[in-house]
Structure formats: structure tokens, C-alpha cells
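Q: Here you go, work16.cif (mmCIF, C-alpha atoms and all ligand atoms):
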data_model
loop_
_atom_site.group_PDB
_atom_site.id
_atom_site.type_symbol
_atom_site.label_atom_id
_atom_site.label_comp_id
_atom_site.auth_asym_id
_atom_site.auth_seq_id
_atom_site.Cartn_x
_atom_site.Cartn_y
_atom_site.Cartn_z
ATOM 1 C CA MET X 1 0.000 0.000 0.000
ATOM 2 C CA HIS X 2 2.788 2.387 0.945
ATOM 3 C CA MET X 3 4.545 1.636 -2.329
ATOM 4 C CA ARG X 4 1.557 3.084 -4.137
ATOM 5 C CA GLU X 5 1.577 6.222 -2.071
ATOM 6 C CA VAL X 6 5.235 7.149 -1.691
ATOM 7 C CA SER X 7 7.966 7.307 -4.292
ATOM 8 C CA LEU X 8 11.070 5.680 -2.834
ATOM 9 C CA GLN X 9 13.603 6.802 -5.423
ATOM 10 C CA SER X 10 17.125 7.064 -4.028
ATOM 11 C CA SER X 11 15.837 5.807 -0.702
ATOM 12 C CA LEU X 12 14.690 9.338 0.178
ATOM 13 C CA CYS X 13 11.156 10.399 0.933
ATOM 14 C CA SER X 14 9.800 12.564 -1.844
ATOM 15 C CA PRO X 15 6.395 14.103 -2.482
ATOM 16 C CA HIS X 16 3.864 12.216 -4.536
ATOM 17 C CA ARG X 17 0.525 13.275 -5.824
ATOM 18 C CA LEU X 18 -1.221 11.350 -2.997
ATOM 19 C CA ILE X 19 0.753 13.252 -0.336
ATOM 20 C CA SER X 20 0.158 16.950 -0.232
ATOM 21 C CA GLU X 21 3.027 19.435 -0.218
ATOM 22 C CA ASN X 22 1.774 20.572 3.155
ATOM 23 C CA THR X 23 2.170 17.095 4.657
ATOM 24 C CA PHE X 24 5.619 16.625 3.158
ATOM 25 C CA ARG X 25 6.804 19.823 4.795
ATOM 26 C CA TYR X 26 6.843 18.033 8.182
ATOM 27 C CA VAL X 27 9.027 15.114 7.042
ATOM 28 C CA PRO X 28 12.595 15.676 8.328
ATOM 29 C CA ALA X 29 15.200 15.990 5.556
ATOM 30 C CA VAL X 30 17.231 13.163 7.122
ATOM 31 C CA ALA X 31 14.297 10.709 6.974
ATOM 32 C CA LYS X 32 15.176 7.662 4.871
ATOM 33 C CA VAL X 33 13.561 4.365 4.123
ATOM 34 C CA THR X 34 15.098 1.212 2.722
ATOM 35 C CA SER X 35 13.659 0.025 -0.563
ATOM 36 C CA TYR X 36 13.674 -3.563 -1.780
ATOM 37 C CA THR X 37 13.329 -5.172 -5.180
ATOM 38 C CA THR X 38 9.909 -6.789 -5.300
ATOM 39 C CA MET X 39 7.894 -8.680 -7.857
ATOM 40 C CA GLU X 40 4.340 -9.961 -8.028
ATOM 41 C CA LEU X 41 4.212 -13.478 -9.425
ATOM 42 C CA ASN X 42 2.061 -16.610 -9.153
ATOM 43 C CA GLY X 43 -0.327 -14.788 -6.800
ATOM 44 C CA TRP X 44 2.491 -13.861 -4.396
ATOM 45 C CA VAL X 45 4.577 -10.767 -3.703
ATOM 46 C CA TYR X 46 8.275 -11.678 -3.528
ATOM 47 C CA LEU X 47 10.826 -9.408 -1.867
ATOM 48 C CA TRP X 48 14.572 -9.782 -2.414
ATOM 49 C CA HIS X 49 16.758 -9.428 0.686
ATOM 50 C CA HIS X 50 20.536 -9.863 0.582
ATOM 51 C CA ALA X 51 22.765 -9.435 3.655
ATOM 52 C CA GLU X 52 25.324 -7.465 1.589
ATOM 53 C CA GLY X 53 22.716 -5.581 -0.427
ATOM 54 C CA ALA X 54 23.546 -7.368 -3.695
ATOM 55 C CA GLU X 55 21.052 -7.141 -6.561
ATOM 56 C CA PRO X 56 18.900 -10.223 -7.391
ATOM 57 C CA SER X 57 20.898 -12.923 -9.156
ATOM 58 C CA TRP X 58 17.809 -15.070 -9.884
ATOM 59 C CA THR X 59 14.041 -14.739 -9.823
ATOM 60 C CA PRO X 60 11.185 -17.147 -8.996
ATOM 61 C CA VAL X 61 9.743 -19.179 -11.854
ATOM 62 C CA GLU X 62 6.506 -18.033 -13.449
ATOM 63 C CA LEU X 63 3.782 -20.675 -13.454
ATOM 64 C CA GLN X 64 1.924 -19.991 -16.679
ATOM 65 C CA ASP X 65 -1.119 -21.988 -15.577
ATOM 66 C CA ILE X 66 -1.610 -19.620 -12.608
ATOM 67 C CA THR X 67 -0.992 -16.507 -14.721
ATOM 68 C CA SER X 68 -3.523 -17.683 -17.299
ATOM 69 C CA GLY X 69 -6.085 -18.631 -14.646
ATOM 70 C CA THR X 70 -6.133 -22.328 -15.607
ATOM 71 C CA TRP X 71 -4.970 -23.180 -12.075
ATOM 72 C CA GLN X 72 -6.899 -21.413 -9.350
ATOM 73 C CA TYR X 73 -6.153 -20.896 -5.663
ATOM 74 C CA LYS X 74 -7.912 -23.573 -3.596
ATOM 75 C CA GLY X 75 -6.625 -23.068 -0.060
ATOM 76 C CA ARG X 76 -3.591 -22.915 2.201
ATOM 77 C CA THR X 77 -2.071 -24.161 5.434
ATOM 78 C CA GLU X 78 0.338 -22.265 7.683
ATOM 79 C CA HIS X 79 2.680 -23.509 10.381
ATOM 80 C CA TYR X 80 5.214 -21.824 12.651
ATOM 81 C CA ILE X 81 8.062 -24.248 13.283
ATOM 82 C CA ASN X 82 11.036 -24.093 15.661
ATOM 83 C CA TYR X 83 13.815 -25.233 13.382
ATOM 84 C CA HIS X 84 16.777 -24.190 11.281
ATOM 85 C CA ILE X 85 15.868 -22.714 7.899
ATOM 86 C CA GLU X 86 17.781 -25.451 6.051
ATOM 87 C CA GLU X 87 15.832 -28.322 7.611
ATOM 88 C CA LEU X 88 12.830 -28.078 5.315
ATOM 89 C CA PRO X 89 14.692 -27.922 1.977
ATOM 90 C CA GLU X 90 16.909 -30.780 3.139
ATOM 91 C CA ASN X 91 13.787 -32.896 3.562
ATOM 92 C CA GLY X 92 13.651 -33.125 -0.249
ATOM 93 C CA ALA X 93 17.033 -34.829 -0.428
ATOM 94 C CA ASP X 94 16.361 -37.073 2.572
ATOM 95 C CA VAL X 95 14.925 -39.949 0.567
ATOM 96 C CA ALA X 96 15.365 -42.449 3.415
ATOM 97 C CA HIS X 97 12.873 -40.699 5.703
ATOM 98 C CA LEU X 98 9.942 -41.213 3.320
ATOM 99 C CA ALA X 99 9.385 -44.828 4.379
ATOM 100 C CA GLN X 100 9.994 -44.020 8.067
ATOM 101 C CA VAL X 101 7.765 -40.951 8.391
ATOM 102 C CA HIS X 102 5.329 -40.861 5.476
ATOM 103 C CA LYS X 103 4.443 -44.515 4.931
ATOM 104 C CA PRO X 104 1.648 -45.001 7.540
ATOM 105 C CA PHE X 105 -1.857 -44.229 6.310
ATOM 106 C CA ILE X 106 -2.815 -40.567 6.903
ATOM 107 C CA ALA X 107 -5.812 -41.740 8.965
ATOM 108 C CA ALA X 108 -3.238 -42.867 11.562
ATOM 109 C CA GLY X 109 -2.536 -39.213 12.323
ATOM 110 C CA ILE X 110 0.535 -37.100 12.888
ATOM 111 C CA ASP X 111 1.927 -38.546 16.135
ATOM 112 C CA LEU X 112 5.029 -40.532 15.243
ATOM 113 C CA ALA X 113 4.652 -42.625 18.406
ATOM 114 C CA SER X 114 1.198 -43.937 17.526
ATOM 115 C CA MET X 115 0.939 -43.706 13.734
ATOM 116 C CA TRP X 116 2.233 -47.265 13.217
ATOM 117 C CA ASN X 117 -1.171 -48.441 14.406
ATOM 118 C CA LYS X 118 -1.586 -52.088 13.341
ATOM 119 C CA TYR X 119 -5.354 -51.616 12.915
ATOM 120 C CA LEU X 120 -4.657 -49.105 10.131
ATOM 121 C CA SER X 121 -1.736 -50.957 8.557
ATOM 122 C CA TRP X 122 -4.014 -52.060 5.673
ATOM 123 C CA GLY X 123 -3.472 -48.587 4.204
ATOM 124 C CA GLN X 124 0.051 -47.489 3.295
ATOM 125 C CA HIS X 125 1.622 -44.690 1.283
ATOM 126 C CA LYS X 126 4.430 -45.670 -1.094
ATOM 127 C CA TRP X 127 6.983 -43.145 -2.315
ATOM 128 C CA THR X 128 9.835 -42.944 -4.775
ATOM 129 C CA ALA X 129 12.066 -39.874 -4.907
ATOM 130 C CA SER X 130 15.215 -38.552 -6.547
ATOM 131 C CA TRP X 131 16.887 -35.149 -6.047
ATOM 132 C CA ASN X 132 19.143 -33.343 -8.517
ATOM 133 C CA GLN X 133 20.784 -29.993 -9.104
ATOM 134 C CA PRO X 134 20.280 -28.633 -12.637
ATOM 135 C CA PRO X 135 23.369 -27.228 -14.414
ATOM 136 C CA ALA X 136 24.122 -23.476 -14.836
ATOM 137 C CA PRO X 137 22.418 -21.048 -15.204
ATOM 138 C CA ASP X 138 19.872 -22.832 -12.947
ATOM 139 C CA GLU X 139 22.262 -23.742 -10.138
ATOM 140 C CA HIS X 140 19.964 -21.903 -7.691
ATOM 141 C CA VAL X 141 17.277 -24.550 -8.433
ATOM 142 C CA GLY X 142 16.957 -27.968 -6.813
ATOM 143 C CA SER X 143 14.910 -30.564 -8.687
ATOM 144 C CA LEU X 144 12.960 -33.299 -6.905
ATOM 145 C CA LYS X 145 11.015 -36.001 -8.712
ATOM 146 C CA LEU X 146 8.538 -37.842 -6.534
ATOM 147 C CA THR X 147 5.773 -40.408 -6.963
ATOM 148 C CA HIS X 148 3.072 -41.137 -4.408
ATOM 149 C CA ASP X 149 0.917 -44.239 -4.324
ATOM 150 C CA LEU X 150 -1.697 -45.189 -1.726
ATOM 151 C CA LYS X 151 -2.376 -48.889 -1.297
ATOM 152 C CA PHE X 152 -5.300 -50.509 0.512
ATOM 153 C CA PHE X 153 -4.574 -54.181 1.305
ATOM 154 C CA GLY X 154 -1.712 -53.978 -1.213
ATOM 155 C CA ILE X 155 -3.925 -52.665 -4.019
ATOM 156 C CA SER X 156 -3.128 -49.243 -5.525
ATOM 157 C CA LEU X 157 -5.806 -46.553 -5.600
ATOM 158 C CA PRO X 158 -5.275 -44.873 -8.983
ATOM 159 C CA PHE X 159 -7.251 -41.721 -8.116
ATOM 160 C CA VAL X 160 -4.734 -40.668 -5.463
ATOM 161 C CA PHE X 161 -1.592 -41.562 -7.419
ATOM 162 C CA LEU X 162 0.563 -38.458 -7.784
ATOM 163 C CA ASN X 163 3.436 -37.778 -10.120
ATOM 164 C CA VAL X 164 5.288 -34.791 -8.650
ATOM 165 C CA HIS X 165 8.085 -32.646 -10.042
ATOM 166 C CA ALA X 166 9.187 -30.143 -7.417
ATOM 167 C CA PHE X 167 11.435 -27.161 -8.040
ATOM 168 C CA GLN X 168 13.170 -25.642 -5.036
ATOM 169 C CA VAL X 169 13.975 -22.105 -6.195
ATOM 170 C CA GLY X 170 16.443 -20.407 -3.873
ATOM 171 C CA PRO X 171 16.398 -21.017 -0.120
ATOM 172 C CA GLY X 172 12.694 -20.542 0.602
ATOM 173 C CA ILE X 173 10.377 -21.260 -2.344
ATOM 174 C CA VAL X 174 9.267 -24.650 -3.677
ATOM 175 C CA TYR X 175 6.856 -25.283 -6.545
ATOM 176 C CA LEU X 176 5.532 -28.854 -6.342
ATOM 177 C CA LYS X 177 3.813 -29.433 -9.666
ATOM 178 C CA PHE X 178 1.737 -32.590 -9.712
ATOM 179 C CA GLU X 179 -0.263 -34.717 -12.114
ATOM 180 C CA SER X 180 -3.211 -36.619 -10.670
ATOM 181 C CA PHE X 181 -6.298 -38.531 -11.712
ATOM 182 C CA PHE X 182 -8.279 -35.300 -11.227
ATOM 183 C CA GLY X 183 -5.935 -33.083 -13.221
ATOM 184 C CA THR X 184 -2.801 -31.053 -12.732
ATOM 185 C CA GLY X 185 -1.936 -28.539 -10.054
ATOM 186 C CA VAL X 186 0.775 -27.188 -7.813
ATOM 187 C CA PHE X 187 1.605 -26.771 -4.147
ATOM 188 C CA ILE X 188 3.496 -23.545 -3.540
ATOM 189 C CA GLN X 189 5.630 -23.904 -0.447
ATOM 190 C CA SER X 190 6.923 -20.661 1.060
ATOM 191 C CA LEU X 191 9.360 -20.518 3.939
ATOM 192 C CA THR X 192 9.799 -17.169 5.695
ATOM 193 C CA PRO X 193 12.241 -16.629 8.579
ATOM 194 C CA VAL X 194 10.574 -15.045 11.622
ATOM 195 C CA GLU X 195 13.464 -15.483 14.058
ATOM 196 C CA PRO X 196 16.794 -17.322 13.673
ATOM 197 C CA MET X 197 15.232 -20.640 14.713
ATOM 198 C CA LEU X 198 11.580 -19.881 13.996
ATOM 199 C CA GLN X 199 10.211 -20.182 10.464
ATOM 200 C CA LYS X 200 6.772 -19.616 8.981
ATOM 201 C CA LEU X 201 5.850 -22.337 6.502
ATOM 202 C CA ALA X 202 2.914 -21.833 4.121
ATOM 203 C CA HIS X 203 1.521 -24.327 1.606
ATOM 204 C CA SER X 204 -0.950 -23.065 -0.989
ATOM 205 C CA ILE X 205 -2.659 -25.388 -3.444
ATOM 206 C CA TYR X 206 -3.686 -24.395 -6.956
ATOM 207 C CA MET X 207 -5.572 -26.787 -9.206
ATOM 208 C CA ASN X 208 -7.478 -26.654 -12.450
ATOM 209 C CA TRP X 209 -10.513 -24.403 -12.017
ATOM 210 C CA ALA X 210 -12.844 -27.316 -12.931
ATOM 211 C CA VAL X 211 -11.666 -29.535 -10.065
ATOM 212 C CA PRO X 212 -14.238 -29.542 -7.221
ATOM 213 C CA ASN X 213 -12.963 -27.776 -4.109
ATOM 214 C CA CYS X 214 -13.519 -30.887 -1.963
ATOM 215 C CA ILE X 215 -10.895 -32.741 -4.034
ATOM 216 C CA SER X 216 -8.248 -30.043 -3.721
ATOM 217 C CA LYS X 217 -9.064 -29.643 0.006
ATOM 218 C CA PHE X 218 -8.510 -33.373 0.466
ATOM 219 C CA PHE X 219 -5.123 -33.109 -1.274
ATOM 220 C CA LEU X 220 -4.262 -30.159 0.985
ATOM 221 C CA TYR X 221 -5.368 -32.083 4.103
ATOM 222 C CA ALA X 222 -3.352 -35.187 3.140
ATOM 223 C CA GLU X 223 -0.283 -33.054 2.486
ATOM 224 C CA CYS X 224 -0.804 -31.248 5.800
ATOM 225 C CA VAL X 225 -0.875 -34.535 7.755
ATOM 226 C CA GLN X 226 2.393 -35.616 6.141
ATOM 227 C CA VAL X 227 4.043 -32.238 6.812
ATOM 228 C CA GLU X 228 2.932 -32.266 10.452
ATOM 229 C CA ARG X 229 4.726 -35.589 10.912
ATOM 230 C CA ASP X 230 7.914 -33.863 9.736
ATOM 231 C CA ILE X 231 7.133 -30.939 12.055
ATOM 232 C CA MET X 232 7.077 -33.223 15.091
ATOM 233 C CA ILE X 233 10.666 -34.155 14.238
ATOM 234 C CA TRP X 234 11.790 -30.635 13.326
ATOM 235 C CA ASN X 235 10.386 -29.160 16.537
ATOM 236 C CA ASN X 236 12.360 -31.662 18.590
ATOM 237 C CA LYS X 237 15.629 -32.196 16.729
ATOM 238 C CA LYS X 238 18.871 -30.263 16.792
ATOM 239 C CA TYR X 239 20.372 -29.038 13.545
ATOM 240 C CA ALA X 240 23.884 -30.423 13.176
ATOM 241 C CA GLY X 241 26.088 -27.988 11.266
ATOM 242 C CA LYS X 242 28.748 -30.601 10.538
ATOM 243 C CA PRO X 243 27.175 -34.041 10.804
ATOM 244 C CA VAL X 244 29.089 -37.283 10.254
ATOM 245 C CA PHE X 245 27.792 -38.766 7.011
ATOM 246 C CA ALA X 246 27.741 -42.531 6.497
ATOM 247 C CA LYS X 247 29.166 -43.910 3.271
ATOM 248 C CA SER X 248 25.775 -44.550 1.733
ATOM 249 C CA THR X 249 23.763 -43.337 -1.239
ATOM 250 C CA GLU X 250 21.231 -41.760 1.128
ATOM 251 C CA ASP X 251 23.755 -39.744 3.142
ATOM 252 C CA SER X 252 25.795 -38.709 0.086
ATOM 253 C CA LEU X 253 22.592 -37.162 -1.308
ATOM 254 C CA ILE X 254 22.182 -35.083 1.851
ATOM 255 C CA ALA X 255 25.852 -34.036 1.644
ATOM 256 C CA ARG X 256 25.270 -32.941 -1.973
ATOM 257 C CA HIS X 257 22.202 -30.998 -0.889
ATOM 258 C CA ARG X 258 24.212 -29.200 1.842
ATOM 259 C CA ARG X 259 26.862 -28.177 -0.692
ATOM 260 C CA TRP X 260 24.094 -26.914 -3.011
ATOM 261 C CA TYR X 261 22.318 -24.964 -0.251
ATOM 262 C CA SER X 262 25.576 -23.353 0.951
ATOM 263 C CA GLN X 263 25.374 -20.969 -2.054
ATOM 264 C CA PHE X 264 22.584 -19.103 -0.230
ATOM 265 C CA TYR X 265 24.739 -18.148 2.768
ATOM 266 C CA SER X 266 26.666 -14.946 2.107
ATOM 267 C CA GLU X 267 29.859 -13.932 3.878
ATOM 268 C CA ASN X 268 28.401 -11.335 6.239
ATOM 269 C CA LEU X 269 25.151 -13.126 6.980
ATOM 270 C CA PRO X 270 24.478 -13.011 10.744
ATOM 271 C CA LYS X 271 25.292 -16.482 12.054
ATOM 272 C CA LEU X 272 24.146 -18.298 15.160
ATOM 273 C CA LYS X 273 26.846 -20.154 17.049
ATOM 274 C CA PHE X 274 25.639 -23.438 18.512
HETATM 275 FE FE FE X 301 9.089 -35.325 5.007
#
Would it be possible to restate this file's structure as C-alpha cells?
Ligand SMILES: [Fe+2]

A:
Amino acid sequence: MHMREVSLQSSLCSPHRLISENTFRYVPAVAKVTSYTTMELNGWVYLWHHAEGAEPSWTPVELQDITSGTWQYKGRTEHYINYHIEELPENGADVAHLAQVHKPFIAAGIDLASMWNKYLSWGQHKWTASWNQPPAPDEHVGSLKLTHDLKFFGISLPFVFLNVHAFQVGPGIVYLKFESFFGTGVFIQSLTPVEPMLQKLAHSIYMNWAVPNCISKFFLYAECVQVERDIMIWNNKKYAGKPVFAKSTEDSLIARHRRWYSQFYSENLPKLKF
């Protein structure tokens, strides 16, 4: 709103047609405001912040289906989580946790201690995943390919099979594009730091305008249950800055992800010591 009312050229307050000359008279000459590069895209307003004040070196990806209106906003979830900002992106490269955390049927709930309920073991989620870093000039992007299958008594339910291609763009934005029985869509995952170890996580779902809202709400609910299982871990674990990696495919993938994510830490970024 303020951007529409005040011109921020040269980071100095200056009169605009919506502010009268009389009002501007009372603004001290030393008054300054910081301006940021912003862009409106995919239904979101993105703001670029760099610890050293560097100009944007990449921008979020435009989702043409949202711009054109083919995919419409269907709902969102929000969580505040006590964890390190790198924990969530690293989840994408942690292929081994899928079977440990996301396999039990969503009806079993979000409590890791009780979700392996034998009375609900007839329903299980099956996952496959692979994470990769695209070559330059897209080195700021992480690519995750994921499939989800839900089986009842060992039999797949085709209407909840998901083929997902997720793009992690920079340190805090993920576009999870999916193909389903009901059509295509995307989860937009946005991670915003609130405090050094407190992050706001938002998931918004967009699906084809013709898809009934109850379907997209169910997808959002199922995704929320799975995320809240991760949250139980994140809220209770300690981030290890220099963990000991085992010589395994799973751990080498996490090591690769850490090297990839390190590009988003700049030299003078305030750092917590722990
Ligand atoms: Fe997870």
C-alpha cells in the first residue's frame, strides 16, 4: 500500500501526488527508508533481501497456468516451526525418511509414536524420490522427482496416485507441480524466517478451475498430515552444522544438498553459534 503512495527513489522520501506538499513539509530531511526489489508473481509478492545488499541474481519461476487462470487458488495451510531454515529444503534430499515418516496411512494421524497403528496398517503410502541440481544457469534450483501411491490391502488406488516434479527455487520457495487422476496442479511452499530458529511455513494449493474444491481440500489435508509428521521431528531435533555422514547413497545425497544450499549463505550473513 505504501509503495503506491510514496515514491522511494534514491531511498529518500519525496512528495507524490497522494501526499500533499503541506504534509511533506513536516518530514525531516534526514528521513530515509530502505527500498527492496519486489515482484508480483504466481499470486504472491516476492521481496529480495541480501545481507550485503547485492542485486537479485535469480528470480522465482513463473507458473503460466496460474498466470492464465487455468490453475486457481484452492486453499492454504500455515505452520510456525522451531527449526533451522535449512531443515525443510533438506527434507527433499532425505529420501530415506519417506518410508519411516510418510508410509503409515494418513488416517493414523501425525503422532510418530502412535501412527504405526496395526489396525490401520491395511493402508500405506508408497513413495519414490530422486533429487538433482540442474546445471548453470539454474544452479539456484533444486529438482525433486517424486511419486506417491496409496495402497489398501496392497492394491493401488489410482485416483490418489501423484506424479510430482518439485522445483526448489532459492532457499525458501518450492513449486511442487503434480499430475493426478483429477488433473494437474501445484503446491506452492513458502518458507519465511521469523526469528533465527523460527520459520513460517505456508503451503498453498492451486488446481485446475474445474476440479471440485472438496478434491483439492482433500489433497491439501493429506499433504498437511504428512508435513505435520515432519514438524514433530523438526520441533524436537537439533540441527547439526557438521554431521558425520555414512558412506551410503542416502547420506551422500544429503551431503550434496548441503553443498548446493551453501550458495545461499553470504559472507556477512548473521550467524548463530551453537
Ligand atoms: Fe518429510

Q: Just the residues within 12 Å of Gln64 of chain X, please, counting all atoms listed in the file, with nothing from its chain fewer than 3 positions along; format it as an mmCIF file with C-alpha atoms, keeping the file's coordinate frame.

A:
data_model
loop_
_atom_site.group_PDB
_atom_site.id
_atom_site.type_symbol
_atom_site.label_atom_id
_atom_site.label_comp_id
_atom_site.auth_asym_id
_atom_site.auth_seq_id
_atom_site.Cartn_x
_atom_site.Cartn_y
_atom_site.Cartn_z
ATOM 1 C CA LEU X 41 4.212 -13.478 -9.425
ATOM 2 C CA ASN X 42 2.061 -16.610 -9.153
ATOM 3 C CA GLY X 43 -0.327 -14.788 -6.800
ATOM 4 C CA VAL X 61 9.743 -19.179 -11.854
ATOM 5 C CA THR X 67 -0.992 -16.507 -14.721
ATOM 6 C CA SER X 68 -3.523 -17.683 -17.299
ATOM 7 C CA GLY X 69 -6.085 -18.631 -14.646
ATOM 8 C CA THR X 70 -6.133 -22.328 -15.607
ATOM 9 C CA TRP X 71 -4.970 -23.180 -12.075
ATOM 10 C CA GLN X 72 -6.899 -21.413 -9.350
ATOM 11 C CA LYS X 177 3.813 -29.433 -9.666
ATOM 12 C CA GLY X 185 -1.936 -28.539 -10.054
ATOM 13 C CA VAL X 186 0.775 -27.188 -7.813
#

Q: Using only C-alpha atoms, which residues sit within 10 Å of Thr128 of chain X once same-chain residues fewer than 2 positions away are excluded, as a ChimeraX atom specification?

A: /X:95-96,98-99,126,130,145-149,163

Q: Generate the output file for the selected residues, C-alpha atoms, as a short mmCIF file (atom, residue, chain, number, x, y, z; two decimals), in the frame of the given file.

A:
data_model
loop_
_atom_site.label_atom_id
_atom_site.label_comp_id
_atom_site.auth_asym_id
_atom_site.auth_seq_id
_atom_site.Cartn_x
_atom_site.Cartn_y
_atom_site.Cartn_z
CA VAL X 95 14.92 -39.95 0.57
CA ALA X 96 15.36 -42.45 3.42
CA LEU X 98 9.94 -41.21 3.32
CA ALA X 99 9.38 -44.83 4.38
CA LYS X 126 4.43 -45.67 -1.09
CA SER X 130 15.22 -38.55 -6.55
CA LYS X 145 11.02 -36.00 -8.71
CA LEU X 146 8.54 -37.84 -6.53
CA THR X 147 5.77 -40.41 -6.96
CA HIS X 148 3.07 -41.14 -4.41
CA ASP X 149 0.92 -44.24 -4.32
CA ASN X 163 3.44 -37.78 -10.12
#

Q: So how far away is atom CA of Met197 of chain X from atom CA of Tyr83 of chain X, in Å?

A: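 One can read the atom CA of Tyr83 of chain X to atom CA of Met197 of chain X distance as 5.0 Å.
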
Q: Kindly provide the residues of chain X that approach ligand FE 301 (chain X) to within 12 Å, each paired with its closest atom pair and their distance in Å to one decimal, based on all atoms listed in the file, listed by chain and increasing number, as CSV.

A:
residue,atom,partner,partner_atom,distance
X:Glu87,CA,X:FE301,FE,10.1
X:Leu88,CA,X:FE301,FE,8.2
X:Pro89,CA,X:FE301,FE,9.8
X:Glu90,CA,X:FE301,FE,9.2
X:Asn91,CA,X:FE301,FE,5.5
X:Gly92,CA,X:FE301,FE,7.3
X:Ala93,CA,X:FE301,FE,9.6
X:Asp94,CA,X:FE301,FE,7.9
X:Val95,CA,X:FE301,FE,8.7
X:Ala96,CA,X:FE301,FE,9.6
X:His97,CA,X:FE301,FE,6.6
X:Leu98,CA,X:FE301,FE,6.2
X:Ala99,CA,X:FE301,FE,9.5
X:Gln100,CA,X:FE301,FE,9.3
X:Val101,CA,X:FE301,FE,6.7
X:His102,CA,X:FE301,FE,6.7
X:Lys103,CA,X:FE301,FE,10.3
X:Ile110,CA,X:FE301,FE,11.8
X:Trp127,CA,X:FE301,FE,10.9
X:Ala129,CA,X:FE301,FE,11.3
X:Leu146,CA,X:FE301,FE,11.8
X:Glu223,CA,X:FE301,FE,10.0
X:Cys224,CA,X:FE301,FE,10.7
X:Val225,CA,X:FE301,FE,10.4
X:Gln226,CA,X:FE301,FE,6.8
X:Val227,CA,X:FE301,FE,6.2
X:Glu228,CA,X:FE301,FE,8.8
X:Arg229,CA,X:FE301,FE,7.3
X:Asp230,CA,X:FE301,FE,5.1
X:Ile231,CA,X:FE301,FE,8.5
X:Met232,CA,X:FE301,FE,10.5
X:Ile233,CA,X:FE301,FE,9.4
X:Trp234,CA,X:FE301,FE,9.9

Q: As an exercise, work out the distance from atom CA of Val141 of chain X to atom CA of Ile254 of chain X in Å and give it to one decimal place.

A: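 Answer for the atom CA of Val141 of chain X to atom CA of Ile254 of chain X separation: 15.5 Å.
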
Q: Quick one: distance from atom CA of Asn235 of chain X to atom CA of Leu191 of chain X in Å, one decimal?

A: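 Those two atoms sit 15.3 Å apart.
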
Q: Could you list, as a PyMOL selection string, every residue matched by the PyMOL selection byres (((chain X and resi 36) around 7) and not hetatm) in this structure?

A: chain X and resi 34-35+37-38+47-48

Q: Using the chain letters and numbers from the file, which residues does the PyMOL selection byres (((chain X and resi 181) around 10) and not hetatm) grab, as number ranges by chain?

A: X: 158-163, 179-180, 182-184

Q: With C-alpha atoms kept, could you save the residues just selected as an mmCIF file, in the frame of the given file?

A:
data_model
loop_
_atom_site.group_PDB
_atom_site.id
_atom_site.type_symbol
_atom_site.label_atom_id
_atom_site.label_comp_id
_atom_site.auth_asym_id
_atom_site.auth_seq_id
_atom_site.Cartn_x
_atom_site.Cartn_y
_atom_site.Cartn_z
ATOM 1 C CA PRO X 158 -5.275 -44.873 -8.983
ATOM 2 C CA PHE X 159 -7.251 -41.721 -8.116
ATOM 3 C CA VAL X 160 -4.734 -40.668 -5.463
ATOM 4 C CA PHE X 161 -1.592 -41.562 -7.419
ATOM 5 C CA LEU X 162 0.563 -38.458 -7.784
ATOM 6 C CA ASN X 163 3.436 -37.778 -10.120
ATOM 7 C CA GLU X 179 -0.263 -34.717 -12.114
ATOM 8 C CA SER X 180 -3.211 -36.619 -10.670
ATOM 9 C CA PHE X 182 -8.279 -35.300 -11.227
ATOM 10 C CA GLY X 183 -5.935 -33.083 -13.221
ATOM 11 C CA THR X 184 -2.801 -31.053 -12.732
#

Q: Taking the file as shown, what set of residues would the PyMOL selection byres (((chain X and resi 166-170) around 7) and not hetatm) give back, as a compact mmCIF listing (two decimals) with C-alpha atoms, in the frame of the given file?

A:
# COMPACT_ATOMS: atom_id res chain seq x y z
CA PRO X 60 11.18 -17.15 -9.00
CA HIS X 140 19.96 -21.90 -7.69
CA VAL X 141 17.28 -24.55 -8.43
CA GLY X 142 16.96 -27.97 -6.81
CA SER X 143 14.91 -30.56 -8.69
CA LEU X 144 12.96 -33.30 -6.90
CA LYS X 145 11.02 -36.00 -8.71
CA VAL X 164 5.29 -34.79 -8.65
CA HIS X 165 8.09 -32.65 -10.04
CA PRO X 171 16.40 -21.02 -0.12
CA GLY X 172 12.69 -20.54 0.60
CA ILE X 173 10.38 -21.26 -2.34
CA VAL X 174 9.27 -24.65 -3.68
CA TYR X 175 6.86 -25.28 -6.54
CA LEU X 176 5.53 -28.85 -6.34
CA LYS X 177 3.81 -29.43 -9.67

Q: From (0.1, -42.8, 13.5), in the file's coordinates, out to 10 Å: which residues are reached, counting only C-alpha atoms? Answer as a list in words.

A: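 The requested residues, written out, are Val101, His102, Lys103, Pro104, Phe105, Ile106, Ala107, Ala108, Gly109, Ile110, Asp111, Leu112, Ala113, Ser114, Met115, Trp116, Asn117, Lys118, Leu120, Ser121 and Arg229 of chain X.
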
Q: So, with all atoms listed in the file as the atoms that count, which of X:Lys237, X:Lys32, X:Lys200, X:Lys151 lies closest to Tyr80 of chain X?

A: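 The answer is X:Lys200, which sits nearest to Tyr80 of chain X.
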
Q: So, counting all atoms listed in the file, which residue among X:Lys247, X:Glu52, X:Lys74, X:Gly241 is closest to Cys214 of chain X?

A: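 Using all atoms listed in the file, the shortest distance to Cys214 of chain X belongs to X:Lys74.
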
Q: For a quick check of understanding, using only C-alpha atoms, which of X:Ser216, X:Asp65, X:Glu55, X:Glu86 has the smallest distance to Pro193 of chain X?

A: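 Smallest separation from Pro193 of chain X among the options: X:Glu86.
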
Q: Set the distance at 8 Å and use all atoms listed in the file: which residues neighbour His84 of chain X once local chain neighbours fewer than 4 positions away are removed? I'd like the list as a PyMOL selection string.

A: chain X and resi 196-199+239

Q: Hey, which of X:Glu267, X:Leu201, X:Ser190, X:Phe153 ends up closest to Tyr46 of chain X? Count only C-alpha atoms.

A: X:Ser190

Q: First collect every listed atom of segment 120-131 of chain X; then fit an axis-aligned box around them, widen it by 8 Å on each side, and give centre and edge lengths in Å to one decimal, as JSON.

A:
{"center_x": 6.1, "center_y": -43.6, "center_z": 1.8, "size_x": 37.5, "size_y": 32.9, "size_z": 32.7}

Q: With only C-alpha atoms as the basis for distance, which of X:Trp209, X:Phe152, X:Tyr73, X:Phe178 is at the shortest distance from Trp44 of chain X?

A: X:Tyr73

Q: Model the absent atoms of segment 241-245 of chain X so that N, CA and C atoms are present, and write the result as a tab-separated table (two decimals), in the coordinates of the input.

A:
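Final output, saved to part-v2.tsv:
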chain	number	residue	atom	x	y	z
X	241	GLY	N	25.40	-28.74	12.32
X	241	GLY	CA	26.09	-27.99	11.27
X	241	GLY	C	27.07	-28.84	10.49
X	242	LYS	N	27.77	-29.73	11.20
X	242	LYS	CA	28.75	-30.60	10.54
X	242	LYS	C	28.50	-32.04	10.97
X	243	PRO	N	27.48	-32.66	10.39
X	243	PRO	CA	27.18	-34.04	10.80
X	243	PRO	C	28.19	-35.03	10.22
X	244	VAL	N	28.26	-36.21	10.81
X	244	VAL	CA	29.09	-37.28	10.25
X	244	VAL	C	28.21	-38.06	9.29
X	245	PHE	N	28.59	-38.05	8.01
X	245	PHE	CA	27.79	-38.77	7.01
X	245	PHE	C	28.29	-40.19	6.86
